[in-house]
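Note: the block below is entry_11.pdb and it holds PDB, C-alpha atoms and all ligand atoms.
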ATOM      1  CA  MET F  65      70.771 -12.996  65.524
ATOM      2  CA  THR F  66      67.243 -11.924  66.384
ATOM      3  CA  LYS F  67      68.496  -9.540  69.017
ATOM      4  CA  TYR F  68      70.986  -8.090  66.588
ATOM      5  CA  PHE F  69      68.321  -7.116  64.049
ATOM      6  CA  ALA F  70      66.088  -5.734  66.793
ATOM      7  CA  ALA F  71      68.965  -3.519  67.870
ATOM      8  CA  LEU F  72      69.526  -2.336  64.292
ATOM      9  CA  LEU F  73      65.842  -1.543  63.959
ATOM     10  CA  ALA F  74      65.806   0.400  67.209
ATOM     11  CA  PHE F  75      68.914   2.271  66.099
ATOM     12  CA  ALA F  76      67.312   3.205  62.725
ATOM     13  CA  LEU F  77      64.070   4.341  64.348
ATOM     14  CA  PHE F  78      65.851   6.587  66.791
ATOM     15  CA  LEU F  79      67.752   8.279  63.966
ATOM     16  CA  LEU F  80      64.499  10.003  63.004
ATOM     17  CA  PRO F  81      64.605  13.772  63.446
ATOM     18  CA  GLY F  82      64.099  14.928  67.002
ATOM     19  CA  CYS F  83      65.346  11.692  68.525
ATOM     20  CA  ARG F  84      69.089  12.248  68.291
ATOM     21  CA  THR F  85      69.955  12.192  71.929
ATOM     22  CA  GLN F  86      67.888   9.130  72.609
ATOM     23  CA  SER F  87      69.185   7.374  69.513
ATOM     24  CA  GLN F  88      72.753   7.704  70.718
ATOM     25  CA  THR F  89      71.862   6.248  74.074
ATOM     26  CA  VAL F  90      69.949   3.306  72.616
ATOM     27  CA  ALA F  91      72.553   2.546  69.977
ATOM     28  CA  VAL F  92      75.340   2.355  72.537
ATOM     29  CA  SER F  93      73.418   0.287  75.046
ATOM     30  CA  THR F  94      72.119  -2.350  72.615
ATOM     31  CA  ALA F  95      75.054  -2.754  70.218
ATOM     32  CA  PRO F  96      75.898  -6.491  70.132
ATOM     33  CA  ALA F  97      79.616  -5.798  69.816
ATOM     34  CA  SER F  98      79.753  -4.095  73.224
ATOM     35  CA  PRO F  99      78.601  -6.500  75.967
ATOM     36  CA  PRO F 100      78.930  -5.192  79.525
ATOM     37  CA  ALA F 101      82.338  -5.913  81.033
ATOM     38  CA  ALA F 102      82.189  -9.084  83.167
ATOM     39  CA  ALA F 103      83.740  -9.135  86.636
ATOM     40  CA  ALA F 104      87.177 -10.766  86.672
ATOM     41  CA  PRO F 105      86.819 -14.467  87.561
ATOM     42  CA  PRO F 106      88.428 -15.572  90.834
ATOM     43  CA  VAL F 107      91.909 -17.028  90.553
ATOM     44  CA  ARG F 108      91.620 -20.733  91.245
ATOM     45  CA  SER F 109      94.353 -23.319  91.663
ATOM     46  CA  ALA F 110      95.897 -25.676  89.126
ATOM     47  CA  PHE F 111      93.855 -28.533  90.636
ATOM     48  CA  ASP F 112      92.825 -30.721  87.683
ATOM     49  CA  GLY F 113      89.367 -32.161  88.312
ATOM     50  CA  ASP F 114      89.651 -34.642  85.468
ATOM     51  CA  ARG F 115      92.960 -35.984  86.730
ATOM     52  CA  ALA F 116      91.529 -36.284  90.246
ATOM     53  CA  TYR F 117      88.501 -38.108  88.859
ATOM     54  CA  THR F 118      90.891 -40.537  87.151
ATOM     55  CA  ASP F 119      92.390 -41.245  90.573
ATOM     56  CA  LEU F 120      88.859 -41.904  91.851
ATOM     57  CA  THR F 121      88.003 -44.364  89.074
ATOM     58  CA  ALA F 122      91.401 -46.057  89.409
ATOM     59  CA  GLN F 123      90.588 -46.881  93.022
ATOM     60  CA  CYS F 124      87.152 -48.187  92.092
ATOM     61  CA  ALA F 125      88.717 -50.327  89.355
ATOM     62  CA  LEU F 126      90.540 -52.229  92.108
ATOM     63  CA  GLY F 127      87.177 -53.427  93.403
ATOM     64  CA  VAL F 128      85.946 -53.195  96.973
ATOM     65  CA  ARG F 129      88.672 -52.146  99.429
ATOM     66  CA  PRO F 130      87.765 -53.150 102.992
ATOM     67  CA  PRO F 131      90.710 -54.178 105.221
ATOM     68  CA  GLY F 132      91.859 -57.698 104.420
ATOM     69  CA  SER F 133      90.670 -57.657 100.805
ATOM     70  CA  ALA F 134      92.804 -57.874  97.664
ATOM     71  CA  GLY F 135      91.500 -54.452  96.638
ATOM     72  CA  HIS F 136      92.686 -53.009  99.951
ATOM     73  CA  ALA F 137      96.226 -54.308  99.396
ATOM     74  CA  ALA F 138      96.255 -53.011  95.818
ATOM     75  CA  CYS F 139      94.967 -49.594  96.891
ATOM     76  CA  LEU F 140      97.773 -49.244  99.435
ATOM     77  CA  GLU F 141     100.213 -49.696  96.545
ATOM     78  CA  LEU F 142      98.320 -47.307  94.267
ATOM     79  CA  ILE F 143      98.267 -44.468  96.796
ATOM     80  CA  GLN F 144     101.991 -44.811  97.521
ATOM     81  CA  LYS F 145     102.822 -44.932  93.815
ATOM     82  CA  ARG F 146     100.863 -41.770  92.993
ATOM     83  CA  LEU F 147     101.826 -39.860  96.136
ATOM     84  CA  THR F 148     105.575 -40.519  96.210
ATOM     85  CA  PRO F 149     106.647 -38.386  93.186
ATOM     86  CA  ASN F 150     104.848 -35.323  94.541
ATOM     87  CA  VAL F 151     105.834 -35.104  98.218
ATOM     88  CA  ASP F 152     109.147 -34.866 100.077
ATOM     89  CA  LYS F 153     108.542 -38.011 102.066
ATOM     90  CA  VAL F 154     106.030 -40.833 102.374
ATOM     91  CA  VAL F 155     105.709 -42.406 105.821
ATOM     92  CA  LEU F 156     103.726 -45.582 106.476
ATOM     93  CA  GLN F 157     102.181 -46.147 109.881
ATOM     94  CA  PRO F 158     101.214 -49.826 110.145
ATOM     95  CA  PHE F 159      99.087 -51.096 113.035
ATOM     96  CA  THR F 160      96.722 -53.941 113.829
ATOM     97  CA  TYR F 161      93.196 -54.124 115.143
ATOM     98  CA  THR F 162      91.548 -57.246 116.469
ATOM     99  CA  ASP F 163      87.784 -57.426 116.032
ATOM    100  CA  PRO F 164      86.559 -59.704 118.810
ATOM    101  CA  ALA F 165      83.156 -60.303 117.219
ATOM    102  CA  ARG F 166      84.484 -61.318 113.825
ATOM    103  CA  HIS F 167      87.540 -63.129 115.267
ATOM    104  CA  VAL F 168      89.848 -61.374 112.867
ATOM    105  CA  THR F 169      92.993 -59.300 113.231
ATOM    106  CA  LEU F 170      93.191 -56.532 110.653
ATOM    107  CA  HIS F 171      96.490 -55.311 109.252
ATOM    108  CA  LEU F 172      95.962 -51.607 108.704
ATOM    109  CA  THR F 173      98.170 -48.806 107.375
ATOM    110  CA  ASN F 174      97.979 -45.048 107.666
ATOM    111  CA  ILE F 175      99.815 -43.299 104.829
ATOM    112  CA  LEU F 176     101.402 -39.873 105.291
ATOM    113  CA  GLY F 177     102.653 -37.649 102.480
ATOM    114  CA  ILE F 178     104.889 -34.927 103.909
ATOM    115  CA  ILE F 179     105.719 -31.598 102.236
ATOM    116  CA  ASN F 180     108.268 -29.257 103.869
ATOM    117  CA  PRO F 181     109.024 -31.690 106.717
ATOM    118  CA  ASN F 182     111.189 -29.211 108.637
ATOM    119  CA  ALA F 183     108.630 -26.410 108.748
ATOM    120  CA  ALA F 184     107.555 -25.391 112.248
ATOM    121  CA  LYS F 185     103.942 -24.803 111.241
ATOM    122  CA  LYS F 186     102.152 -27.891 109.963
ATOM    123  CA  VAL F 187      98.698 -28.132 108.458
ATOM    124  CA  MET F 188      97.043 -31.450 107.689
ATOM    125  CA  LEU F 189      94.443 -32.636 105.223
ATOM    126  CA  PHE F 190      93.135 -36.122 105.924
ATOM    127  CA  THR F 191      90.758 -38.650 104.457
ATOM    128  CA  HIS F 192      90.045 -42.366 104.729
ATOM    129  CA  TRP F 193      91.136 -44.744 101.986
ATOM    130  CA  ASP F 194      89.430 -47.981 103.138
ATOM    131  CA  THR F 195      85.860 -48.834 102.143
ATOM    132  CA  ARG F 196      82.916 -50.190 104.118
ATOM    133  CA  PRO F 197      82.769 -54.029 104.370
ATOM    134  CA  THR F 198      78.988 -53.969 104.721
ATOM    135  CA  ALA F 199      76.306 -52.139 102.722
ATOM    136  CA  ASP F 200      74.282 -51.434 105.863
ATOM    137  CA  MET F 201      71.901 -49.025 104.138
ATOM    138  CA  ASP F 202      71.194 -51.311 101.182
ATOM    139  CA  LEU F 203      68.220 -53.405 102.242
ATOM    140  CA  ASP F 204      68.844 -56.132  99.664
ATOM    141  CA  HIS F 205      72.628 -56.343 100.036
ATOM    142  CA  LYS F 206      73.375 -55.555 103.673
ATOM    143  CA  THR F 207      76.202 -58.045 104.043
ATOM    144  CA  GLN F 208      78.036 -57.142 100.834
ATOM    145  CA  PRO F 209      80.982 -54.690 100.679
ATOM    146  CA  ILE F 210      80.568 -51.328  98.928
ATOM    147  CA  LEU F 211      82.707 -49.846  96.174
ATOM    148  CA  GLY F 212      83.038 -46.526  97.993
ATOM    149  CA  ALA F 213      83.469 -44.137  95.046
ATOM    150  CA  ASP F 214      82.369 -41.192  97.165
ATOM    151  CA  ASP F 215      82.867 -42.794 100.595
ATOM    152  CA  GLY F 216      86.599 -43.503 100.435
ATOM    153  CA  ALA F 217      87.854 -42.857  96.902
ATOM    154  CA  SER F 218      86.771 -39.195  96.586
ATOM    155  CA  GLY F 219      88.781 -37.729  99.455
ATOM    156  CA  THR F 220      91.733 -39.917  98.535
ATOM    157  CA  ALA F 221      91.589 -38.731  94.923
ATOM    158  CA  ALA F 222      91.346 -35.081  96.003
ATOM    159  CA  GLN F 223      94.414 -35.420  98.209
ATOM    160  CA  LEU F 224      96.452 -37.194  95.525
ATOM    161  CA  GLU F 225      95.735 -34.315  93.138
ATOM    162  CA  LEU F 226      96.477 -31.750  95.860
ATOM    163  CA  ALA F 227      99.905 -33.370  96.248
ATOM    164  CA  ARG F 228     100.506 -32.564  92.551
ATOM    165  CA  VAL F 229      99.253 -28.992  93.047
ATOM    166  CA  PHE F 230     101.588 -28.471  96.012
ATOM    167  CA  HIS F 231     104.464 -30.099  94.121
ATOM    168  CA  ALA F 232     104.063 -27.569  91.307
ATOM    169  CA  LYS F 233     103.610 -24.633  93.699
ATOM    170  CA  ARG F 234     105.179 -25.381  97.060
ATOM    171  CA  PRO F 235     103.318 -23.989 100.107
ATOM    172  CA  THR F 236     105.337 -22.005 102.639
ATOM    173  CA  VAL F 237     104.171 -24.134 105.594
ATOM    174  CA  GLY F 238     104.519 -27.822 106.310
ATOM    175  CA  VAL F 239     101.744 -29.910 104.787
ATOM    176  CA  ILE F 240     100.776 -33.415 105.829
ATOM    177  CA  LEU F 241      98.435 -35.375 103.586
ATOM    178  CA  LEU F 242      97.185 -38.221 105.776
ATOM    179  CA  PHE F 243      95.274 -41.195 104.363
ATOM    180  CA  VAL F 244      93.810 -43.137 107.290
ATOM    181  CA  ASP F 245      92.816 -46.778 107.198
ATOM    182  CA  GLY F 246      89.945 -48.535 108.953
ATOM    183  CA  GLU F 247      87.546 -45.598 109.128
ATOM    184  CA  ASP F 248      84.577 -47.563 107.898
ATOM    185  CA  TRP F 249      85.107 -50.990 109.475
ATOM    186  CA  GLY F 250      82.239 -50.942 111.969
ATOM    187  CA  PRO F 251      79.442 -51.611 112.022
ATOM    188  CA  GLY F 252      79.250 -49.650 115.296
ATOM    189  CA  GLU F 253      81.169 -46.461 116.037
ATOM    190  CA  GLU F 254      83.348 -48.284 118.565
ATOM    191  CA  LYS F 255      84.858 -50.181 115.613
ATOM    192  CA  MET F 256      85.233 -47.170 113.334
ATOM    193  CA  TYR F 257      87.793 -44.362 112.918
ATOM    194  CA  LEU F 258      90.523 -46.960 113.598
ATOM    195  CA  GLY F 259      93.286 -45.189 111.676
ATOM    196  CA  ALA F 260      92.355 -41.738 112.961
ATOM    197  CA  ARG F 261      92.378 -43.054 116.529
ATOM    198  CA  TYR F 262      95.751 -44.676 115.999
ATOM    199  CA  PHE F 263      97.302 -41.563 114.459
ATOM    200  CA  ALA F 264      95.828 -39.261 117.108
ATOM    201  CA  ALA F 265      97.443 -41.434 119.786
ATOM    202  CA  HIS F 266     100.769 -41.764 117.886
ATOM    203  CA  PRO F 267     101.363 -38.580 115.863
ATOM    204  CA  GLY F 268     105.120 -38.695 116.394
ATOM    205  CA  LEU F 269     106.791 -35.872 114.467
ATOM    206  CA  TYR F 270     103.649 -35.135 112.501
ATOM    207  CA  LYS F 271     101.211 -33.575 114.944
ATOM    208  CA  PRO F 272      99.623 -30.735 112.941
ATOM    209  CA  ASP F 273      98.524 -27.279 114.091
ATOM    210  CA  TYR F 274      95.146 -28.189 112.658
ATOM    211  CA  ALA F 275      93.575 -30.804 110.409
ATOM    212  CA  ILE F 276      90.805 -30.713 107.802
ATOM    213  CA  LEU F 277      88.977 -33.949 107.043
ATOM    214  CA  LEU F 278      87.728 -34.610 103.498
ATOM    215  CA  ASP F 279      85.045 -37.322 103.551
ATOM    216  CA  MET F 280      82.474 -37.887 100.784
ATOM    217  CA  VAL F 281      83.490 -34.852  98.743
ATOM    218  CA  GLY F 282      83.034 -36.160  95.182
ATOM    219  CA  LYS F 283      79.264 -36.336  94.621
ATOM    220  CA  LYS F 284      77.976 -34.508  91.526
ATOM    221  CA  ASP F 285      77.097 -30.931  92.532
ATOM    222  CA  VAL F 286      78.779 -31.476  95.871
ATOM    223  CA  THR F 287      77.106 -29.457  98.626
ATOM    224  CA  ILE F 288      79.025 -29.167 101.873
ATOM    225  CA  TYR F 289      77.370 -27.547 104.860
ATOM    226  CA  ARG F 290      79.223 -26.706 108.060
ATOM    227  CA  GLU F 291      79.250 -29.820 110.250
ATOM    228  CA  GLY F 292      77.887 -29.368 113.764
ATOM    229  CA  ARG F 293      80.791 -30.571 115.912
ATOM    230  CA  SER F 294      83.308 -28.787 113.710
ATOM    231  CA  GLN F 295      81.384 -25.554 114.119
ATOM    232  CA  THR F 296      81.232 -25.937 117.902
ATOM    233  CA  TRP F 297      84.856 -26.951 118.301
ATOM    234  CA  GLN F 298      86.641 -24.937 115.595
ATOM    235  CA  PRO F 299      84.412 -22.107 114.320
ATOM    236  CA  GLU F 300      87.371 -20.008 113.134
ATOM    237  CA  LEU F 301      88.822 -22.855 111.091
ATOM    238  CA  ASN F 302      85.384 -23.384 109.555
ATOM    239  CA  ASP F 303      85.233 -19.631 108.824
ATOM    240  CA  LYS F 304      88.557 -19.867 106.994
ATOM    241  CA  VAL F 305      87.248 -22.643 104.718
ATOM    242  CA  TRP F 306      83.896 -20.995 103.951
ATOM    243  CA  LYS F 307      85.592 -17.623 103.311
ATOM    244  CA  ALA F 308      87.951 -19.307 100.816
ATOM    245  CA  ALA F 309      85.011 -21.033  99.128
ATOM    246  CA  SER F 310      83.128 -17.748  98.815
ATOM    247  CA  ASP F 311      86.188 -15.889  97.501
ATOM    248  CA  LEU F 312      86.670 -18.542  94.810
ATOM    249  CA  GLY F 313      83.047 -18.437  93.659
ATOM    250  CA  TYR F 314      82.086 -21.776  95.217
ATOM    251  CA  ALA F 315      79.393 -20.495  97.595
ATOM    252  CA  ALA F 316      76.826 -22.805  95.963
ATOM    253  CA  ASN F 317      78.986 -25.828  96.842
ATOM    254  CA  PHE F 318      79.587 -24.537 100.389
ATOM    255  CA  PRO F 319      76.281 -23.207 101.835
ATOM    256  CA  ASP F 320      77.154 -21.162 104.897
ATOM    257  CA  SER F 321      75.068 -22.885 107.554
ATOM    258  CA  VAL F 322      75.145 -25.957 109.790
ATOM    259  CA  LYS F 323      73.092 -28.955 108.646
ATOM    260  CA  TYR F 324      74.326 -32.263 110.121
ATOM    261  CA  THR F 325      76.279 -33.296 113.179
ATOM    262  CA  ILE F 326      78.347 -36.313 112.276
ATOM    263  CA  GLY F 327      80.586 -38.889 113.916
ATOM    264  CA  ASP F 328      83.725 -39.102 111.795
ATOM    265  CA  ASP F 329      87.520 -39.189 111.870
ATOM    266  CA  HIS F 330      87.693 -35.649 113.269
ATOM    267  CA  VAL F 331      86.294 -36.828 116.631
ATOM    268  CA  PRO F 332      89.380 -38.791 117.798
ATOM    269  CA  PHE F 333      91.566 -35.904 116.629
ATOM    270  CA  HIS F 334      89.569 -33.427 118.712
ATOM    271  CA  ASN F 335      89.627 -35.777 121.683
ATOM    272  CA  ALA F 336      93.438 -35.944 121.420
ATOM    273  CA  GLY F 337      93.757 -32.154 121.334
ATOM    274  CA  ILE F 338      94.285 -31.741 117.578
ATOM    275  CA  PRO F 339      91.993 -29.012 116.190
ATOM    276  CA  ALA F 340      90.010 -30.640 113.384
ATOM    277  CA  ILE F 341      86.971 -30.040 111.197
ATOM    278  CA  ASP F 342      84.992 -32.346 108.913
ATOM    279  CA  LEU F 343      84.074 -31.421 105.336
ATOM    280  CA  ILE F 344      81.365 -33.859 104.243
ATOM    281  CA  ASP F 345      78.367 -33.886 101.902
ATOM    282  CA  PHE F 346      75.990 -36.101 103.797
ATOM    283  CA  ASP F 347      73.033 -35.712 101.417
ATOM    284  CA  TYR F 348      74.068 -38.785  99.465
ATOM    285  CA  ALA F 349      71.354 -41.279  98.571
ATOM    286  CA  TYR F 350      73.929 -44.019  97.900
ATOM    287  CA  TRP F 351      75.683 -43.806 101.289
ATOM    288  CA  HIS F 352      76.674 -47.327 102.443
ATOM    289  CA  THR F 353      74.930 -48.964  99.482
ATOM    290  CA  LEU F 354      76.160 -50.841  96.423
ATOM    291  CA  GLY F 355      75.129 -47.755  94.453
ATOM    292  CA  ASP F 356      78.119 -45.724  95.692
ATOM    293  CA  THR F 357      79.840 -45.874  92.297
ATOM    294  CA  ALA F 358      81.946 -43.484  90.204
ATOM    295  CA  ASP F 359      79.059 -42.355  87.985
ATOM    296  CA  LYS F 360      77.579 -40.580  91.030
ATOM    297  CA  CYS F 361      80.719 -38.424  91.316
ATOM    298  CA  SER F 362      82.167 -35.671  89.136
ATOM    299  CA  PRO F 363      85.455 -33.922  88.291
ATOM    300  CA  GLN F 364      83.803 -30.550  88.953
ATOM    301  CA  SER F 365      83.006 -31.472  92.549
ATOM    302  CA  LEU F 366      86.528 -32.694  93.210
ATOM    303  CA  LYS F 367      87.895 -29.472  91.748
ATOM    304  CA  ALA F 368      85.660 -27.267  93.895
ATOM    305  CA  VAL F 369      86.879 -28.950  97.060
ATOM    306  CA  GLY F 370      90.467 -29.134  95.795
ATOM    307  CA  ASP F 371      90.576 -25.451  94.883
ATOM    308  CA  VAL F 372      89.270 -24.460  98.300
ATOM    309  CA  MET F 373      91.833 -26.636 100.065
ATOM    310  CA  ALA F 374      94.639 -25.324  97.844
ATOM    311  CA  LYS F 375      93.672 -21.770  98.838
ATOM    312  CA  VAL F 376      93.394 -22.512 102.553
ATOM    313  CA  VAL F 377      96.801 -24.193 102.597
ATOM    314  CA  GLY F 378      98.391 -21.795 100.099
ATOM    315  CA  ASP F 379      97.317 -18.727 102.093
ATOM    316  CA  GLU F 380      98.946 -19.994 105.298
ATOM    317  CA  LYS F 381     101.958 -18.009 106.457
ATOM    318  CA  PRO F 382     104.870 -19.656 108.302
TER     319      PRO F 382
HETATM  320 ZN    ZN A 401      81.272 -44.670 105.230
END
Before we go any further, please render this structure as structure tokens.
Amino acid sequence: MTKYFAALLAFALFLLPGCRTQSQTVAVSTAPASPPAAAAPPVRSAFDGDRAYTDLTAQCALGVRPPGSAGHAACLELIQKRLTPNVDKVVLQPFTYTDPARHVTLHLTNILGIINPNAAKKVMLFTHWDTRPTADMDLDHKTQPILGADDGASGTAAQLELARVFHAKRPTVGVILLFVDGEDWGPGEEKMYLGARYFAAHPGLYKPDYAILLDMVGKKDVTIYREGRSQTWQPELNDKVWKAASDLGYAANFPDSVKYTIGDDHVPFHNAGIPAIDLIDFDYAYWHTLGDTADKCSPQSLKAVGDVMAKVVGDEKP
């Protein structure tokens, strides 16, 4: 309102004799009814951040989900139930892992959601759905399991919503949404990436042309830098992701530089000859602590990552 009256005043003053030309210029440039035309917003996907966030909280509501827990068994059911209506085929890949130190044999399951199974070109998005059995970074609770809202549930939620996006608008290439188990068993790296290792050694019909890993992608104001190994191994695939992010107006969520070099599920893929990159926000104060809960995550972050993935996959040509 204040600006409006100031504009009226300026207009009236410039109507004084001898100021005609200027008055016209000022009146046009300050009139409140004529704001400058805004640039057209980028066309983003139908990815629903709120619905994805609901999938994140639903996983957390099952409790902690390390292999062998009740929450783990319930989460396997939840993922299948929400994935099945939106893909052509769900394939389960069960396997076991015996931890010699803990004297336990884990029953693990990779879950694959397949879209366009007969397509020659196949792209994969993958994430881990298990959660860490030990809060290693939580000084007071090191032996307790974490809830894994960001570290486990976020990538899983993003992929469940992407299945809905691809169901509504079918990509022209084959798409494999892989949910790997046993990523975060540990504690050491030799006992991690269990599902990714198993899949990389037994891809069967589902070996992709390339794979993009979504890990810890739900933090509020998610900020994903290029990961070091990904940039060394697959710079052009990284370029494709960061170009899509920039085109969609998500440059703030995807700073275009390398920050961390991280051991993750993309390593066994690379070692098996499957081109793979890791999308991860590793500036997370609650990593491997009991504080990794849903209130640290946001629908907006899931949507940013989901929109970028929908564009990368949607732009692929057969
Ligand atoms: Zn973790």
Subject >> the PyMOL selection byres (((chain F and resi 243) around 9) and not hetatm) resolved against shown file, as number ranges by chain >> reply: F: 143, 173-177, 189-193, 219-220, 223, 241-242, 244-245, 259
Subject >> Selection as a list in words: residues within 7 Å of ligand ZN 401 (chain A) by only C-alpha atoms and all ligand atoms >> reply: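 Those residues are Thr195, Arg196, Asp215, Asp248, Trp351 and His352 of chain F.
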Subject >> Residue nearest Leu126 (chain F) - candidates F:Gly212, F:Leu147, F:Ala315, F:Pro105, atoms counted: only C-alpha atoms >> reply: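 With only C-alpha atoms as the atom set, the closest residue is F:Gly212.
Coordinates place CA of Val107 (chain F) at a distance of 11.7 Å from CA of Ala309 (chain F).
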Original post:
What does the distance from CA of Asp114 (chain F) to CA of Lys367 (chain F) come to in Å, to one decimal?
Top reply: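 Computing it gives 8.3 Å between the two atoms.
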Centre, edges in Å (one decimal): axis-aligned box, region 202-217 of chain F, 3 Å padding on all six sides, as lines of an AutoDock Vina configuration file:
center_x = 78.0
center_y = -49.6
center_z = 99.5
size_x = 25.6
size_y = 22.9
size_z = 15.0
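If you measure from each of F:Gly378, F:Pro209, F:Asn182, F:Asp202 to His136 (chain F) using only C-alpha atoms, the closest one turns out to be F:Pro209.
Applied to the shown file, the PyMOL selection byres (((chain F and resi 279-284) around 6) and not hetatm) selects the residues F:Thr191, F:Asp214, F:Asp215, F:Ser218, F:Gly219, F:Leu278, F:Asp285, F:Val286, F:Ile344, F:Asp345, F:Lys360, F:Cys361, F:Ser362, F:Ser365, F:Leu366.
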**OP:** Compare F:Phe111, F:Tyr324, F:Pro149, F:Pro382 by their minimum atom-to-atom distance to Asp273 (chain F), counting only C-alpha atoms, and give me the closest one.
**Re:**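 When distances to Asp273 (chain F) are compared using only C-alpha atoms, the smallest one comes from F:Pro382.
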**OP:** Do a neighbour search on Ser310 (chain F) at 12 Å with only C-alpha atoms, toss out local chain neighbours closer than 6 positions, and write the hits as a list in words.
**Re:** Pro106, Arg108, Asp303, Lys304, Ala316, Asn317, Phe318, Pro319, Asp320, Ala368, Val369, Asp371, Val372, Lys375 and Val376 of chain F
**OP:** Apply the PyMOL selection byres (((chain F and resi 294) around 10) and not hetatm) to the structure shown and report the selected residues as a ChimeraX atom specification.
**Re:** /F:276,290-293,295-302,322,325-326,330-331,334,339-343
**OP:** With a distance cut-off of 8 Å and only C-alpha atoms, select the neighbouring residues of region 150-152 of chain F, excluding the residue or stretch itself and same-chain residues fewer than 3 positions from it, and output the selection as an NGL selection string.
**Re:** :F and (146-147 or 177-181 or 227-228 or 230-231)
Can you write just those residues out, C-alpha atoms, as a compact mmCIF listing (two decimals), keeping the file's coordinate frame?
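Result saved to part08.txt:
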# COMPACT_ATOMS: atom_id res chain seq x y z
CA ARG F 146 100.86 -41.77 92.99
CA LEU F 147 101.83 -39.86 96.14
CA GLY F 177 102.65 -37.65 102.48
CA ILE F 178 104.89 -34.93 103.91
CA ILE F 179 105.72 -31.60 102.24
CA ASN F 180 108.27 -29.26 103.87
CA PRO F 181 109.02 -31.69 106.72
CA ALA F 227 99.90 -33.37 96.25
CA ARG F 228 100.51 -32.56 92.55
CA PHE F 230 101.59 -28.47 96.01
CA HIS F 231 104.46 -30.10 94.12
Subject >> Two-atom distance - CA of Met373 (chain F), CA of Gly113 (chain F) (Å) >> reply: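 Value for the CA of Met373 (chain F)-CA of Gly113 (chain F) distance: 13.2 Å.
Between Lys206 (chain F) and the candidates F:Leu170, F:Pro251, F:Tyr270, F:Lys145, the tightest atom-to-atom separation, counting all atoms listed in the file, involves F:Pro251.
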I need every residue sitting at most 7 Å from the point (90.9, -52.8, 104.1) (coordinates as in the file, only C-alpha atoms considered), written as an mmCIF file with C-alpha atoms, in the coordinates of the input.
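Generated output (selection19.cif):
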data_model
loop_
_atom_site.group_PDB
_atom_site.id
_atom_site.type_symbol
_atom_site.label_atom_id
_atom_site.label_comp_id
_atom_site.auth_asym_id
_atom_site.auth_seq_id
_atom_site.Cartn_x
_atom_site.Cartn_y
_atom_site.Cartn_z
ATOM 1 C CA ARG F 129 88.672 -52.146 99.429
ATOM 2 C CA PRO F 130 87.765 -53.150 102.992
ATOM 3 C CA PRO F 131 90.710 -54.178 105.221
ATOM 4 C CA GLY F 132 91.859 -57.698 104.420
ATOM 5 C CA SER F 133 90.670 -57.657 100.805
ATOM 6 C CA HIS F 136 92.686 -53.009 99.951
ATOM 7 C CA LEU F 172 95.962 -51.607 108.704
ATOM 8 C CA ASP F 194 89.430 -47.981 103.138
ATOM 9 C CA THR F 195 85.860 -48.834 102.143
ATOM 10 C CA GLY F 246 89.945 -48.535 108.953
#
Subject >> Closest of F:Ile240, F:Ala101, F:Glu141, F:Ile210 to Leu277 (chain F) - atom-to-atom distances counting only C-alpha atoms >> reply: F:Ile240
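The residue that comes closest to Ala217 (chain F), out of F:Cys124, F:Thr162, F:Thr287, F:Lys153 and on the basis of only C-alpha atoms, is F:Cys124.
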As a PDB file, keeping the file's coordinate frame, please: region 292-302 of chain F completed to N, CA and C atoms.
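Listed below is the output, out34.pdb:
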ATOM      1  N   GLY F 292      78.215 -29.881 112.444  1.00  0.00           N
ATOM      2  CA  GLY F 292      77.887 -29.368 113.764  1.00  0.00           C
ATOM      3  C   GLY F 292      79.029 -29.375 114.775  1.00  0.00           C
ATOM      4  N   ARG F 293      79.696 -30.513 114.927  1.00  0.00           N
ATOM      5  CA  ARG F 293      80.791 -30.571 115.912  1.00  0.00           C
ATOM      6  C   ARG F 293      81.931 -29.645 115.496  1.00  0.00           C
ATOM      7  N   SER F 294      82.234 -29.648 114.208  1.00  0.00           N
ATOM      8  CA  SER F 294      83.308 -28.787 113.710  1.00  0.00           C
ATOM      9  C   SER F 294      83.020 -27.329 114.047  1.00  0.00           C
ATOM     10  N   GLN F 295      81.763 -26.941 113.884  1.00  0.00           N
ATOM     11  CA  GLN F 295      81.384 -25.554 114.119  1.00  0.00           C
ATOM     12  C   GLN F 295      81.473 -25.208 115.607  1.00  0.00           C
ATOM     13  N   THR F 296      81.133 -26.169 116.457  1.00  0.00           N
ATOM     14  CA  THR F 296      81.232 -25.937 117.902  1.00  0.00           C
ATOM     15  C   THR F 296      82.691 -25.892 118.349  1.00  0.00           C
ATOM     16  N   TRP F 297      83.471 -26.817 117.825  1.00  0.00           N
ATOM     17  CA  TRP F 297      84.856 -26.951 118.301  1.00  0.00           C
ATOM     18  C   TRP F 297      85.818 -25.963 117.652  1.00  0.00           C
ATOM     19  N   GLN F 298      85.658 -25.740 116.341  1.00  0.00           N
ATOM     20  CA  GLN F 298      86.641 -24.937 115.595  1.00  0.00           C
ATOM     21  C   GLN F 298      85.947 -23.961 114.650  1.00  0.00           C
ATOM     22  N   PRO F 299      85.159 -23.019 115.205  1.00  0.00           N
ATOM     23  CA  PRO F 299      84.412 -22.107 114.320  1.00  0.00           C
ATOM     24  C   PRO F 299      85.324 -21.270 113.428  1.00  0.00           C
ATOM     25  N   GLU F 300      86.499 -20.873 113.943  1.00  0.00           N
ATOM     26  CA  GLU F 300      87.371 -20.008 113.134  1.00  0.00           C
ATOM     27  C   GLU F 300      88.000 -20.772 111.975  1.00  0.00           C
ATOM     28  N   LEU F 301      88.289 -22.041 112.193  1.00  0.00           N
ATOM     29  CA  LEU F 301      88.822 -22.855 111.091  1.00  0.00           C
ATOM     30  C   LEU F 301      87.727 -23.069 110.034  1.00  0.00           C
ATOM     31  N   ASN F 302      86.508 -23.315 110.494  1.00  0.00           N
ATOM     32  CA  ASN F 302      85.384 -23.384 109.555  1.00  0.00           C
ATOM     33  C   ASN F 302      85.253 -22.076 108.773  1.00  0.00           C
TER      34      ASN F 302
END
